[in-house]
>>> print(open('structure28.tsv').read())   # TSV, C-alpha atoms
chain	number	residue	atom	x	y	z
A	1	MET	CA	38.37	-123.40	153.31
A	2	GLN	CA	37.43	-126.02	155.88
A	3	ARG	CA	40.51	-128.16	155.22
A	4	LYS	CA	42.93	-125.45	156.32
A	5	GLN	CA	44.72	-126.11	159.58
A	6	ILE	CA	42.75	-125.10	162.68
A	7	LYS	CA	44.37	-122.08	164.40
A	8	HIS	CA	41.92	-121.20	167.19
A	9	CYS	CA	39.73	-123.15	169.64
A	10	ARG	CA	36.08	-123.45	168.56
A	11	GLU	CA	34.94	-123.29	172.19
A	12	CYS	CA	36.90	-120.33	173.59
A	13	GLY	CA	38.90	-118.77	170.73
A	14	THR	CA	42.35	-119.38	172.26
A	15	ALA	CA	45.20	-120.21	169.84
A	16	VAL	CA	45.56	-124.02	169.71
A	17	SER	CA	48.74	-126.10	169.85
A	18	TYR	CA	49.34	-129.38	168.05
A	19	ARG	CA	50.18	-132.52	169.99
A	20	ILE	CA	49.04	-136.11	170.54
A	21	PRO	CA	46.28	-136.19	173.20
A	22	ASP	CA	46.91	-138.16	176.41
A	23	ASP	CA	43.85	-140.38	175.88
A	24	GLY	CA	45.52	-143.18	173.92
A	25	ASP	CA	45.22	-141.40	170.56
A	26	THR	CA	48.13	-141.81	168.13
A	27	ARG	CA	47.67	-138.70	165.97
A	28	GLU	CA	48.45	-135.03	166.49
A	29	ARG	CA	45.33	-132.93	167.07
A	30	ALA	CA	44.70	-129.23	167.58
A	31	ILE	CA	44.31	-128.93	171.37
A	32	CYS	CA	43.26	-125.83	173.28
A	33	PRO	CA	45.78	-124.93	176.05
A	34	ASN	CA	43.01	-122.98	177.83
A	35	CYS	CA	39.93	-125.24	177.91
A	36	GLY	CA	41.42	-128.56	176.72
A	37	THR	CA	39.09	-129.00	173.72
A	38	ILE	CA	40.50	-131.53	171.22
A	39	HIS	CA	39.68	-130.71	167.58
A	40	TYR	CA	39.34	-133.61	165.13
A	41	VAL	CA	39.54	-133.31	161.34
A	42	ASN	CA	37.98	-136.21	159.43
A	43	PRO	CA	37.20	-137.09	155.81
A	44	LEU	CA	34.12	-135.58	154.16
A	45	LEU	CA	31.40	-137.43	152.29
A	46	VAL	CA	30.41	-136.26	148.81
A	47	VAL	CA	27.12	-137.82	147.68
A	48	GLY	CA	25.46	-137.88	144.27
A	49	THR	CA	23.59	-139.83	141.62
A	50	VAL	CA	24.03	-141.31	138.16
A	51	PRO	CA	20.71	-140.13	136.63
A	52	TYR	CA	19.97	-142.20	133.51
A	53	LEU	CA	17.23	-142.52	130.92
A	54	GLY	CA	17.61	-145.70	128.86
A	55	ASP	CA	21.24	-145.69	127.75
A	56	ARG	CA	21.80	-141.96	128.30
A	57	VAL	CA	23.26	-140.26	131.38
A	58	LEU	CA	22.53	-136.79	132.70
A	59	LEU	CA	25.56	-134.52	133.13
A	60	CYS	CA	25.69	-130.97	134.48
A	61	LYS	CA	28.03	-128.24	133.18
A	62	ARG	CA	29.46	-126.51	136.24
A	63	ASN	CA	28.67	-122.86	136.74
A	64	ILE	CA	30.91	-122.60	139.84
A	65	GLU	CA	34.51	-123.20	140.77
A	66	PRO	CA	36.29	-125.53	141.02
A	67	ARG	CA	36.20	-126.85	137.44
A	68	LEU	CA	33.94	-124.09	136.09
A	69	GLY	CA	32.61	-125.13	132.67
A	70	LYS	CA	33.48	-128.84	133.10
A	71	TRP	CA	30.86	-131.59	133.17
A	72	THR	CA	29.88	-133.53	136.29
A	73	LEU	CA	27.30	-135.85	137.76
A	74	PRO	CA	25.08	-134.10	140.33
A	75	ALA	CA	26.88	-134.43	143.69
A	76	GLY	CA	27.92	-132.40	146.70
A	77	PHE	CA	28.85	-132.47	150.37
A	78	MET	CA	26.51	-134.51	152.55
A	79	GLU	CA	24.78	-132.37	155.18
A	80	MET	CA	23.72	-133.11	158.76
A	81	ASP	CA	20.19	-134.47	159.31
A	82	GLU	CA	20.02	-136.47	156.10
A	83	THR	CA	20.84	-140.00	154.96
A	84	VAL	CA	23.36	-140.66	152.17
A	85	ALA	CA	20.49	-141.36	149.73
A	86	GLN	CA	18.60	-138.23	150.82
A	87	GLY	CA	21.73	-136.14	150.29
A	88	ALA	CA	22.24	-137.64	146.83
A	89	ALA	CA	18.59	-136.90	145.92
A	90	ARG	CA	18.89	-133.33	147.26
A	91	GLU	CA	21.98	-132.63	145.16
A	92	THR	CA	20.23	-134.02	142.08
A	93	ALA	CA	17.29	-131.68	142.66
A	94	GLU	CA	19.52	-128.66	143.36
A	95	GLU	CA	22.02	-129.10	140.52
A	96	ALA	CA	19.85	-130.60	137.78
A	97	GLY	CA	16.22	-130.08	138.79
A	98	ALA	CA	15.71	-133.64	137.59
A	99	GLN	CA	12.73	-135.89	138.42
A	100	ILE	CA	14.19	-139.23	139.55
A	101	GLU	CA	13.39	-142.56	141.13
A	102	MET	CA	16.31	-143.39	143.45
A	103	GLY	CA	17.98	-146.68	142.62
A	104	PRO	CA	20.59	-148.79	144.41
A	105	PHE	CA	23.96	-147.83	145.80
A	106	PHE	CA	26.40	-147.92	142.89
A	107	SER	CA	29.93	-146.65	143.60
A	108	THR	CA	32.09	-145.56	146.52
A	109	MET	CA	35.51	-144.01	146.09
A	110	SER	CA	38.11	-142.99	148.66
A	111	ILE	CA	40.38	-140.07	147.74
A	112	PRO	CA	42.88	-139.93	150.63
A	113	ARG	CA	44.82	-137.02	149.08
A	114	VAL	CA	41.91	-134.65	149.66
A	115	GLY	CA	40.27	-136.44	152.61
A	116	GLN	CA	37.05	-137.27	150.80
A	117	VAL	CA	34.84	-140.29	150.16
A	118	HIS	CA	32.47	-140.04	147.18
A	119	VAL	CA	29.30	-142.14	146.98
A	120	PHE	CA	26.97	-142.44	143.97
A	121	TYR	CA	23.53	-144.02	143.66
A	122	LEU	CA	21.86	-145.00	140.42
A	123	ALA	CA	18.74	-142.90	139.72
A	124	ARG	CA	16.24	-143.56	136.95
A	125	LEU	CA	15.06	-140.37	135.27
A	126	LEU	CA	11.28	-139.97	135.08
A	127	SER	CA	11.47	-137.14	132.54
A	128	ASP	CA	13.93	-135.61	130.07
A	129	GLN	CA	13.08	-132.08	131.24
A	130	PHE	CA	15.53	-130.48	133.68
A	131	ASP	CA	15.53	-127.30	135.70
A	132	PRO	CA	19.10	-126.75	136.88
A	133	GLY	CA	19.93	-124.37	139.74
A	134	TYR	CA	22.55	-121.62	139.84
A	135	GLU	CA	25.44	-124.10	140.19
A	136	THR	CA	24.78	-125.50	136.71
A	137	MET	CA	25.05	-123.77	133.29
A	138	GLU	CA	23.42	-126.59	131.39
A	139	ALA	CA	22.05	-130.08	132.09
A	140	ARG	CA	21.71	-132.59	129.27
A	141	LEU	CA	21.66	-136.28	128.42
A	142	PHE	CA	24.65	-138.03	126.82
A	143	HIS	CA	24.98	-141.35	125.02
A	144	GLU	CA	28.26	-143.12	125.82
A	145	ALA	CA	29.79	-142.03	122.48
A	146	GLU	CA	28.97	-138.39	123.25
A	147	ILE	CA	30.54	-138.22	126.73
A	148	PRO	CA	33.14	-135.41	126.78
A	149	TRP	CA	35.73	-137.55	128.58
A	150	GLU	CA	38.37	-134.81	128.45
A	151	GLU	CA	35.94	-132.29	129.91
A	152	ILE	CA	34.80	-134.29	132.95
A	153	ALA	CA	35.28	-132.27	136.13
A	154	PHE	CA	36.40	-134.96	138.58
A	155	THR	CA	38.17	-138.34	138.51
A	156	THR	CA	35.43	-139.92	140.63
A	157	VAL	CA	32.81	-138.88	138.07
A	158	ARG	CA	34.90	-140.28	135.19
A	159	GLU	CA	35.37	-143.61	137.06
A	160	THR	CA	31.68	-143.83	137.93
A	161	LEU	CA	30.66	-143.14	134.31
A	162	LYS	CA	33.05	-145.86	133.09
A	163	CYS	CA	31.50	-148.34	135.55
A	164	PHE	CA	27.99	-147.29	134.50
A	165	PHE	CA	28.55	-147.92	130.78
A	166	ASP	CA	30.49	-151.16	131.46
A	167	ASP	CA	27.58	-152.45	133.57
A	168	LEU	CA	25.03	-151.26	131.01
A	169	ARG	CA	26.82	-153.29	128.30
A	170	ARG	CA	26.96	-156.47	130.39
A	171	GLY	CA	23.36	-155.96	131.53
A	172	ALA	CA	23.89	-156.05	135.31
A	173	TRP	CA	24.57	-153.33	137.88
A	174	GLY	CA	27.55	-153.98	140.12
A	175	ILE	CA	28.82	-152.30	143.27
A	176	HIS	CA	32.07	-150.45	142.64
A	177	ASP	CA	34.54	-149.78	145.43
A	178	ILE	CA	37.50	-147.83	144.08
A	179	ASP	CA	40.50	-146.07	145.63
A	180	ILE	CA	41.66	-142.94	143.83
A	181	HIS	CA	45.32	-142.17	144.35
A	182	TRP	CA	46.85	-139.04	142.92
A	183	GLN	CA	49.15	-139.50	140.00
A	184	PRO	CA	51.55	-136.80	138.85
A	185	PRO	CA	50.66	-135.29	135.47
A	186	GLN	CA	52.36	-137.07	132.55
B	1	MET	CA	32.92	-133.07	171.81
B	2	GLN	CA	33.27	-132.25	168.14
B	3	ARG	CA	29.50	-132.13	167.50
B	4	LYS	CA	28.94	-129.24	169.89
B	5	GLN	CA	28.00	-125.96	168.24
B	6	ILE	CA	30.99	-123.92	167.04
B	7	LYS	CA	31.42	-120.76	169.15
B	8	HIS	CA	34.65	-119.22	167.87
B	9	CYS	CA	36.34	-118.81	164.48
B	10	ARG	CA	39.01	-121.42	163.74
B	11	GLU	CA	41.05	-118.85	161.81
B	12	CYS	CA	41.08	-115.83	164.13
B	13	GLY	CA	39.27	-116.79	167.37
B	14	THR	CA	36.48	-114.18	167.06
B	15	ALA	CA	33.02	-115.23	168.32
B	16	VAL	CA	30.99	-116.47	165.31
B	17	SER	CA	27.41	-115.65	164.40
B	18	TYR	CA	24.95	-117.99	162.69
B	19	ARG	CA	23.38	-117.05	159.37
B	20	ILE	CA	22.90	-118.31	155.82
B	21	PRO	CA	25.96	-117.34	153.72
B	22	ASP	CA	25.44	-115.05	150.72
B	23	ASP	CA	26.93	-117.58	148.27
B	24	GLY	CA	23.71	-119.42	147.35
B	25	ASP	CA	23.83	-121.74	150.37
B	26	THR	CA	20.51	-122.61	152.00
B	27	ARG	CA	21.68	-123.59	155.49
B	28	GLU	CA	22.79	-121.57	158.51
B	29	ARG	CA	26.54	-121.77	159.11
B	30	ALA	CA	28.84	-120.38	161.77
B	31	ILE	CA	30.34	-117.29	160.10
B	32	CYS	CA	33.13	-115.11	161.46
B	33	PRO	CA	32.14	-111.41	161.57
B	34	ASN	CA	35.85	-110.49	161.58
B	35	CYS	CA	37.51	-112.55	158.81
B	36	GLY	CA	34.45	-113.99	157.02
B	37	THR	CA	35.41	-117.66	157.46
B	38	ILE	CA	32.41	-119.97	156.95
B	39	HIS	CA	32.46	-123.09	159.16
B	40	TYR	CA	30.81	-126.25	157.84
B	41	VAL	CA	29.73	-129.21	159.97
B	42	ASN	CA	29.25	-132.47	158.05
B	43	PRO	CA	28.53	-136.11	158.86
B	44	LEU	CA	31.37	-138.34	160.06
B	45	LEU	CA	32.36	-141.73	158.68
B	46	VAL	CA	32.76	-144.67	161.06
B	47	VAL	CA	34.56	-147.58	159.41
B	48	GLY	CA	34.99	-151.17	160.55
B	49	THR	CA	34.99	-154.86	159.70
B	50	VAL	CA	33.01	-158.04	160.27
B	51	PRO	CA	35.94	-160.39	161.07
B	52	TYR	CA	34.81	-164.00	160.65
B	53	LEU	CA	36.28	-167.49	160.88
B	54	GLY	CA	33.97	-170.08	159.34
B	55	ASP	CA	30.58	-169.38	160.90
B	56	ARG	CA	31.90	-167.44	163.88
B	57	VAL	CA	32.26	-163.66	164.20
B	58	LEU	CA	34.77	-161.71	166.25
B	59	LEU	CA	33.33	-159.24	168.76
B	60	CYS	CA	35.17	-156.87	171.10
B	61	LYS	CA	34.01	-155.99	174.62
B	62	ARG	CA	34.39	-152.23	174.97
B	63	ASN	CA	36.84	-150.93	177.55
B	64	ILE	CA	35.90	-147.28	176.88
B	65	GLU	CA	32.82	-145.09	176.94
B	66	PRO	CA	30.34	-144.89	175.37
B	67	ARG	CA	28.84	-148.35	175.99
B	68	LEU	CA	31.62	-149.55	178.29
B	69	GLY	CA	31.34	-153.34	178.73
B	70	LYS	CA	29.09	-153.82	175.68
B	71	TRP	CA	30.13	-155.86	172.62
B	72	THR	CA	30.95	-154.36	169.24
B	73	LEU	CA	32.53	-155.07	165.89
B	74	PRO	CA	35.91	-153.34	165.50
B	75	ALA	CA	35.17	-149.86	164.09
B	76	GLY	CA	36.00	-146.21	164.62
B	77	PHE	CA	36.20	-142.78	163.04
B	78	MET	CA	37.88	-142.69	159.63
B	79	GLU	CA	41.03	-140.55	159.67
B	80	MET	CA	42.60	-138.30	157.05
B	81	ASP	CA	45.17	-139.86	154.66
B	82	GLU	CA	43.54	-143.28	154.50
B	83	THR	CA	40.96	-145.06	152.34
B	84	VAL	CA	37.75	-146.48	153.84
B	85	ALA	CA	39.21	-150.01	153.66
B	86	GLN	CA	42.51	-148.89	155.21
B	87	GLY	CA	40.61	-147.23	158.06
B	88	ALA	CA	38.57	-150.39	158.62
B	89	ALA	CA	41.75	-152.52	158.68
B	90	ARG	CA	43.46	-150.07	161.08
B	91	GLU	CA	40.53	-150.20	163.52
B	92	THR	CA	40.56	-154.01	163.37
B	93	ALA	CA	44.27	-154.05	164.23
B	94	GLU	CA	43.89	-151.46	167.02
B	95	GLU	CA	40.79	-152.85	168.72
B	96	ALA	CA	41.21	-156.59	168.20
B	97	GLY	CA	44.82	-157.19	167.14
B	98	ALA	CA	43.34	-159.62	164.61
B	99	GLN	CA	45.10	-161.01	161.52
B	100	ILE	CA	42.70	-160.53	158.60
B	101	GLU	CA	42.36	-160.71	154.86
B	102	MET	CA	40.13	-157.77	153.85
B	103	GLY	CA	37.02	-158.83	151.97
B	104	PRO	CA	34.35	-156.89	150.08
B	105	PHE	CA	32.29	-153.91	151.12
B	106	PHE	CA	29.35	-155.27	153.13
B	107	SER	CA	27.11	-152.69	154.82
B	108	THR	CA	26.56	-148.95	154.92
B	109	MET	CA	24.22	-147.26	157.35
B	110	SER	CA	23.17	-143.63	157.68
B	111	ILE	CA	22.28	-142.40	161.16
B	112	PRO	CA	21.00	-138.84	160.57
B	113	ARG	CA	20.21	-138.29	164.25
B	114	VAL	CA	23.90	-138.31	165.15
B	115	GLY	CA	25.32	-137.18	161.81
B	116	GLN	CA	27.20	-140.40	161.10
B	117	VAL	CA	27.57	-142.92	158.29
B	118	HIS	CA	28.87	-146.37	159.29
B	119	VAL	CA	30.58	-148.65	156.76
B	120	PHE	CA	31.61	-152.28	157.33
B	121	TYR	CA	33.76	-154.60	155.21
B	122	LEU	CA	33.85	-158.37	155.50
B	123	ALA	CA	37.24	-159.62	156.74
B	124	ARG	CA	38.33	-163.26	156.81
B	125	LEU	CA	40.28	-164.11	159.97
B	126	LEU	CA	43.63	-165.79	159.35
B	127	SER	CA	44.02	-166.87	162.98
B	128	ASP	CA	41.91	-167.31	166.12
B	129	GLN	CA	44.53	-165.53	168.23
B	130	PHE	CA	43.82	-161.88	169.09
B	131	ASP	CA	45.80	-159.14	170.75
B	132	PRO	CA	43.31	-156.38	171.63
B	133	GLY	CA	44.45	-152.83	172.46
B	134	TYR	CA	43.47	-150.66	175.41
B	135	GLU	CA	40.00	-149.91	173.98
B	136	THR	CA	38.99	-153.58	174.31
B	137	MET	CA	38.56	-155.72	177.47
B	138	GLU	CA	38.20	-158.97	175.60
B	139	ALA	CA	38.02	-160.16	171.98
B	140	ARG	CA	36.41	-163.50	171.17
B	141	LEU	CA	34.58	-165.48	168.50
B	142	PHE	CA	30.82	-166.07	168.63
B	143	HIS	CA	28.55	-168.54	166.86
B	144	GLU	CA	25.19	-167.02	165.90
B	145	ALA	CA	23.45	-168.73	168.85
B	146	GLU	CA	25.98	-167.24	171.27
B	147	ILE	CA	25.67	-163.59	170.16
B	148	PRO	CA	24.73	-161.46	173.19
B	149	TRP	CA	22.06	-159.51	171.26
B	150	GLU	CA	20.99	-157.51	174.33
B	151	GLU	CA	24.59	-156.55	175.03
B	152	ILE	CA	25.50	-155.22	171.58
B	153	ALA	CA	26.87	-151.67	171.85
B	154	PHE	CA	25.40	-150.05	168.74
B	155	THR	CA	22.36	-150.46	166.48
B	156	THR	CA	24.59	-150.44	163.38
B	157	VAL	CA	26.58	-153.39	164.76
B	158	ARG	CA	23.38	-155.32	165.54
B	159	GLU	CA	22.01	-154.67	162.02
B	160	THR	CA	25.30	-155.67	160.38
B	161	LEU	CA	25.49	-158.90	162.43
B	162	LYS	CA	21.91	-159.79	161.43
B	163	CYS	CA	22.79	-159.25	157.75
B	164	PHE	CA	25.97	-161.33	158.16
B	165	PHE	CA	24.18	-164.39	159.59
B	166	ASP	CA	21.28	-164.06	157.09
B	167	ASP	CA	23.77	-164.02	154.21
B	168	LEU	CA	25.77	-166.89	155.73
B	169	ARG	CA	22.60	-169.03	155.84
B	170	ARG	CA	21.64	-168.28	152.24
B	171	GLY	CA	25.25	-168.78	151.11
B	172	ALA	CA	25.81	-165.42	149.37
B	173	TRP	CA	27.15	-162.07	150.56
B	174	GLY	CA	24.93	-159.10	149.77
B	175	ILE	CA	25.46	-155.35	149.99
B	176	HIS	CA	23.33	-153.82	152.72
B	177	ASP	CA	22.31	-150.17	152.60
B	178	ILE	CA	20.28	-149.33	155.69
B	179	ASP	CA	18.93	-146.13	157.22
B	180	ILE	CA	18.82	-146.05	161.01
B	181	HIS	CA	16.17	-143.73	162.40
B	182	TRP	CA	15.84	-143.15	166.09
B	183	GLN	CA	12.82	-144.69	167.75
B	184	PRO	CA	11.61	-143.63	171.19
B	185	PRO	CA	12.10	-146.33	173.85
B	186	GLN	CA	9.00	-148.55	174.25
>>> encode(input="structure28.tsv", output="C-alpha cells")
Amino acid sequence: MQRKQIKHCRECGTAVSYRIPDDGDTRERAICPNCGTIHYVNPLLVVGTVPYLGDRVLLCKRNIEPRLGKWTLPAGFMEMDETVAQGAARETAEEAGAQIEMGPFFSTMSIPRVGQVHVFYLARLLSDQFDPGYETMEARLFHEAEIPWEEIAFTTVRETLKCFFDDLRRGAWGIHDIDIHWQPPQ
Amino acid sequence: MQRKQIKHCRECGTAVSYRIPDDGDTRERAICPNCGTIHYVNPLLVVGTVPYLGDRVLLCKRNIEPRLGKWTLPAGFMEMDETVAQGAARETAEEAGAQIEMGPFFSTMSIPRVGQVHVFYLARLLSDQFDPGYETMEARLFHEAEIPWEEIAFTTVRETLKCFFDDLRRGAWGIHDIDIHWQPPQ
C-alpha cells in the first residue's frame, strides 16, 4: 500500500504534481501546488533475527500474506522510536514468542527493486518453547538438512540462512553485506 | 518536513484520523475515513562513507542547513532504486566530488529520537583532489590531531570518526553497531 504513488498532499489534501524541486534536488518528487510541501519516498528497513539453538535455526510458517504458508525468519518493518536491534527483538517476540539473547549484527541486504533494506541479528535461543502470534501458523527448529529451501518465503531469508550455516561450519560468525537484484524466472 | 504528522490521505486527500488498524497492528496509524488507506511512518536510512587517504580523513564543511558551517562525512538520505553502498557512493560524489574505491561496511547507528538509521562504509580515496557540490563549502583532509571535534555536525559522524581512528591505531577495521540516545545538554 505505502509504495503506491502519492496522489494528494499530506498537509492540505490538494492533488500533487511531480517535478524536480528547485532546491538543488535531482529527482522528481510529489510537490503540492497549494502549500509547496515536498513529499519524499525512501527505502524501508526490515529488521529481524536468526534465532538459533546449537546447530538448529528457528523458522516461522507464515499465517499472513504475502507468502502465506511459506517459512521465514522472524522479521518485519522497523518502527519509529526503536533501535534496529530493538525492532529485531520485537519482531522475534511477536512472530515466534521466542526467549532470546540478542547477538551481533549478522547480515544486511539491499533490495533496490522493492526499495527495502533487510537487517538480521544473530539471537541465541534460551528455550525451545515458542509462543507464536497470529502472524505465524507454526514455529519450529530446523537442522541444516531439514531446511525447506524451496519453501522459504523470501530471498533475503534464504541468503541469511546460507550464511548462517556456512559460518557455523567454519566456526566463526561473519558480517554479510549482500545486494539482491531481481532475476527473471528461469 | 517529512516527519510532520500526516494530516490528509495520500490517495484521496480526505482528512485522516488516528487509530489502531483492525488488522492485528498494535500502533496508531493515520487512517483515511473515506478510502481506508493506512499510512505508515518508518525510520529513514542515511548512508555515507568515511573517505580516507593513509591516515587522513575527508570532511566536508556544510553549505546547507541544518548545521551550516559544521564539518561532516559525506552522507545523505538513501533513495529508491539504489543499494546502501550505491547511495553512499552517490553522496560521496555529490558532496565531495571525491574519487573513491568503496570499502567494507563500517558503522551502523540507530537514532530512535529522530527515527533514523545511519550507515557508513569505508572508502579509500584514489586522489587528494576534490570537487564538492553546492551542499559543501569546502572539502579537505584531516589528520586525527586536526579534527575539529567541537565543530562536527552530527553525533553519528563524531562516533564514526572515533571508531575510524581507534581501528587505524590498532591496525584492524571493525564493524561498529551503536545506539545513539539523546542526552539533555549539561
>>> residues_near_point(input="structure28.tsv", point="(31.6, -152.6, 150.2)", cutoff="8 Å", atoms="only C-alpha atoms", output="MDAnalysis selection string")
(chainID A and resid 108 175:177) or (chainID B and resid 104:108 119:121 175)
>>> write_last_selection(input="structure28.tsv", atoms="C-alpha atoms", output="PDB file, in the coordinates of the input")
ATOM      1  CA  THR A 108      32.090-145.560 146.520  1.00  0.00           C
ATOM      2  CA  ILE A 175      28.820-152.300 143.270  1.00  0.00           C
ATOM      3  CA  HIS A 176      32.070-150.450 142.640  1.00  0.00           C
ATOM      4  CA  ASP A 177      34.540-149.780 145.430  1.00  0.00           C
TER       5      ASP A 177
ATOM      6  CA  PRO B 104      34.350-156.890 150.080  1.00  0.00           C
ATOM      7  CA  PHE B 105      32.290-153.910 151.120  1.00  0.00           C
ATOM      8  CA  PHE B 106      29.350-155.270 153.130  1.00  0.00           C
ATOM      9  CA  SER B 107      27.110-152.690 154.820  1.00  0.00           C
ATOM     10  CA  THR B 108      26.560-148.950 154.920  1.00  0.00           C
ATOM     11  CA  VAL B 119      30.580-148.650 156.760  1.00  0.00           C
ATOM     12  CA  PHE B 120      31.610-152.280 157.330  1.00  0.00           C
ATOM     13  CA  TYR B 121      33.760-154.600 155.210  1.00  0.00           C
ATOM     14  CA  ILE B 175      25.460-155.350 149.990  1.00  0.00           C
TER      15      ILE B 175
END
>>> interface_residues(input="structure28.tsv", of="chain B", to="chain A", cutoff="8 Å", atoms="all atoms listed in the file", output="ChimeraX atom specification")
/B:1-2,6-15,24,37-45,77-84,105,110-115,117,134,177,179
>>> write_last_selection(input="structure28.tsv", atoms="C-alpha atoms", output="mmCIF file, in the frame of the given file")
data_model
loop_
_atom_site.group_PDB
_atom_site.id
_atom_site.type_symbol
_atom_site.label_atom_id
_atom_site.label_comp_id
_atom_site.auth_asym_id
_atom_site.auth_seq_id
_atom_site.Cartn_x
_atom_site.Cartn_y
_atom_site.Cartn_z
ATOM 1 C CA MET B 1 32.920 -133.070 171.810
ATOM 2 C CA GLN B 2 33.270 -132.250 168.140
ATOM 3 C CA ILE B 6 30.990 -123.920 167.040
ATOM 4 C CA LYS B 7 31.420 -120.760 169.150
ATOM 5 C CA HIS B 8 34.650 -119.220 167.870
ATOM 6 C CA CYS B 9 36.340 -118.810 164.480
ATOM 7 C CA ARG B 10 39.010 -121.420 163.740
ATOM 8 C CA GLU B 11 41.050 -118.850 161.810
ATOM 9 C CA CYS B 12 41.080 -115.830 164.130
ATOM 10 C CA GLY B 13 39.270 -116.790 167.370
ATOM 11 C CA THR B 14 36.480 -114.180 167.060
ATOM 12 C CA ALA B 15 33.020 -115.230 168.320
ATOM 13 C CA GLY B 24 23.710 -119.420 147.350
ATOM 14 C CA THR B 37 35.410 -117.660 157.460
ATOM 15 C CA ILE B 38 32.410 -119.970 156.950
ATOM 16 C CA HIS B 39 32.460 -123.090 159.160
ATOM 17 C CA TYR B 40 30.810 -126.250 157.840
ATOM 18 C CA VAL B 41 29.730 -129.210 159.970
ATOM 19 C CA ASN B 42 29.250 -132.470 158.050
ATOM 20 C CA PRO B 43 28.530 -136.110 158.860
ATOM 21 C CA LEU B 44 31.370 -138.340 160.060
ATOM 22 C CA LEU B 45 32.360 -141.730 158.680
ATOM 23 C CA PHE B 77 36.200 -142.780 163.040
ATOM 24 C CA MET B 78 37.880 -142.690 159.630
ATOM 25 C CA GLU B 79 41.030 -140.550 159.670
ATOM 26 C CA MET B 80 42.600 -138.300 157.050
ATOM 27 C CA ASP B 81 45.170 -139.860 154.660
ATOM 28 C CA GLU B 82 43.540 -143.280 154.500
ATOM 29 C CA THR B 83 40.960 -145.060 152.340
ATOM 30 C CA VAL B 84 37.750 -146.480 153.840
ATOM 31 C CA PHE B 105 32.290 -153.910 151.120
ATOM 32 C CA SER B 110 23.170 -143.630 157.680
ATOM 33 C CA ILE B 111 22.280 -142.400 161.160
ATOM 34 C CA PRO B 112 21.000 -138.840 160.570
ATOM 35 C CA ARG B 113 20.210 -138.290 164.250
ATOM 36 C CA VAL B 114 23.900 -138.310 165.150
ATOM 37 C CA GLY B 115 25.320 -137.180 161.810
ATOM 38 C CA VAL B 117 27.570 -142.920 158.290
ATOM 39 C CA TYR B 134 43.470 -150.660 175.410
ATOM 40 C CA ASP B 177 22.310 -150.170 152.600
ATOM 41 C CA ASP B 179 18.930 -146.130 157.220
#
>>> atom_distance(input="structure28.tsv", atom1="CA of Gly103 in chain A", atom2="CA of Ala123 in chain B")
27.2 Å
>>> closest_residue(input="structure28.tsv", among="A:Leu68, A:Leu122, A:Leu168, A:Ala89", to="Glu138 in chain A", atoms="all atoms listed in the file")
A:Leu68
>>> atom_distance(input="structure28.tsv", atom1="CA of His118 in chain A", atom2="CA of Val46 in chain A")
4.6 Å
>>> closest_residue(input="structure28.tsv", among="A:Leu73, A:Ala172, A:Leu58, A:Ala88", to="Asp128 in chain A", atoms="all atoms listed in the file")
A:Leu58
>>> residues_around(input="structure28.tsv", residues="Pro148 in chain A", least_positions_apart="2", cutoff="12 Å", atoms="only C-alpha atoms", output="compact mmCIF listing (two decimals) with C-alpha atoms, in the coordinates of the input")
# COMPACT_ATOMS: atom_id res chain seq x y z
CA VAL A 57 23.26 -140.26 131.38
CA LEU A 59 25.56 -134.52 133.13
CA CYS A 60 25.69 -130.97 134.48
CA LYS A 61 28.03 -128.24 133.18
CA GLY A 69 32.61 -125.13 132.67
CA LYS A 70 33.48 -128.84 133.10
CA TRP A 71 30.86 -131.59 133.17
CA THR A 72 29.88 -133.53 136.29
CA LEU A 141 21.66 -136.28 128.42
CA PHE A 142 24.65 -138.03 126.82
CA HIS A 143 24.98 -141.35 125.02
CA GLU A 144 28.26 -143.12 125.82
CA ALA A 145 29.79 -142.03 122.48
CA GLU A 146 28.97 -138.39 123.25
CA GLU A 150 38.37 -134.81 128.45
CA GLU A 151 35.94 -132.29 129.91
CA ILE A 152 34.80 -134.29 132.95
CA ALA A 153 35.28 -132.27 136.13
CA VAL A 157 32.81 -138.88 138.07
CA ARG A 158 34.90 -140.28 135.19
CA LEU A 161 30.66 -143.14 134.31
>>> residues_around(input="structure28.tsv", residues="Ile100 in chain B", least_positions_apart="5", cutoff="10 Å", atoms="all atoms listed in the file", output="list in words")
Thr49, Pro51, Tyr52, Leu53, Ala89, Thr92, Ala93, Leu122, Ala123, Arg124, Leu125, Leu126 and Ser127 of chain B
>>> write_last_selection(input="structure28.tsv", atoms="C-alpha atoms", output="short mmCIF file (atom, residue, chain, number, x, y, z; two decimals), keeping the file's coordinate frame")
data_model
loop_
_atom_site.label_atom_id
_atom_site.label_comp_id
_atom_site.auth_asym_id
_atom_site.auth_seq_id
_atom_site.Cartn_x
_atom_site.Cartn_y
_atom_site.Cartn_z
CA THR B 49 34.99 -154.86 159.70
CA PRO B 51 35.94 -160.39 161.07
CA TYR B 52 34.81 -164.00 160.65
CA LEU B 53 36.28 -167.49 160.88
CA ALA B 89 41.75 -152.52 158.68
CA THR B 92 40.56 -154.01 163.37
CA ALA B 93 44.27 -154.05 164.23
CA LEU B 122 33.85 -158.37 155.50
CA ALA B 123 37.24 -159.62 156.74
CA ARG B 124 38.33 -163.26 156.81
CA LEU B 125 40.28 -164.11 159.97
CA LEU B 126 43.63 -165.79 159.35
CA SER B 127 44.02 -166.87 162.98
#
>>> closest_residue(input="structure28.tsv", among="B:Gly174, B:Ile147, B:Glu91, B:Trp182", to="Asp55 in chain B", atoms="only C-alpha atoms")
B:Ile147
>>> atom_distance(input="structure28.tsv", atom1="CA of Asn34 in chain A", atom2="CA of Asn34 in chain B")
21.7 Å
>>> closest_residue(input="structure28.tsv", among="B:Thr136, B:Val50, B:Pro21, B:Phe130", to="Asn63 in chain B", atoms="only C-alpha atoms")
B:Thr136
>>> closest_residue(input="structure28.tsv", among="A:Asp131, A:Thr155, A:Pro66, A:Pro74", to="Ala98 in chain A", atoms="all atoms listed in the file")
A:Asp131
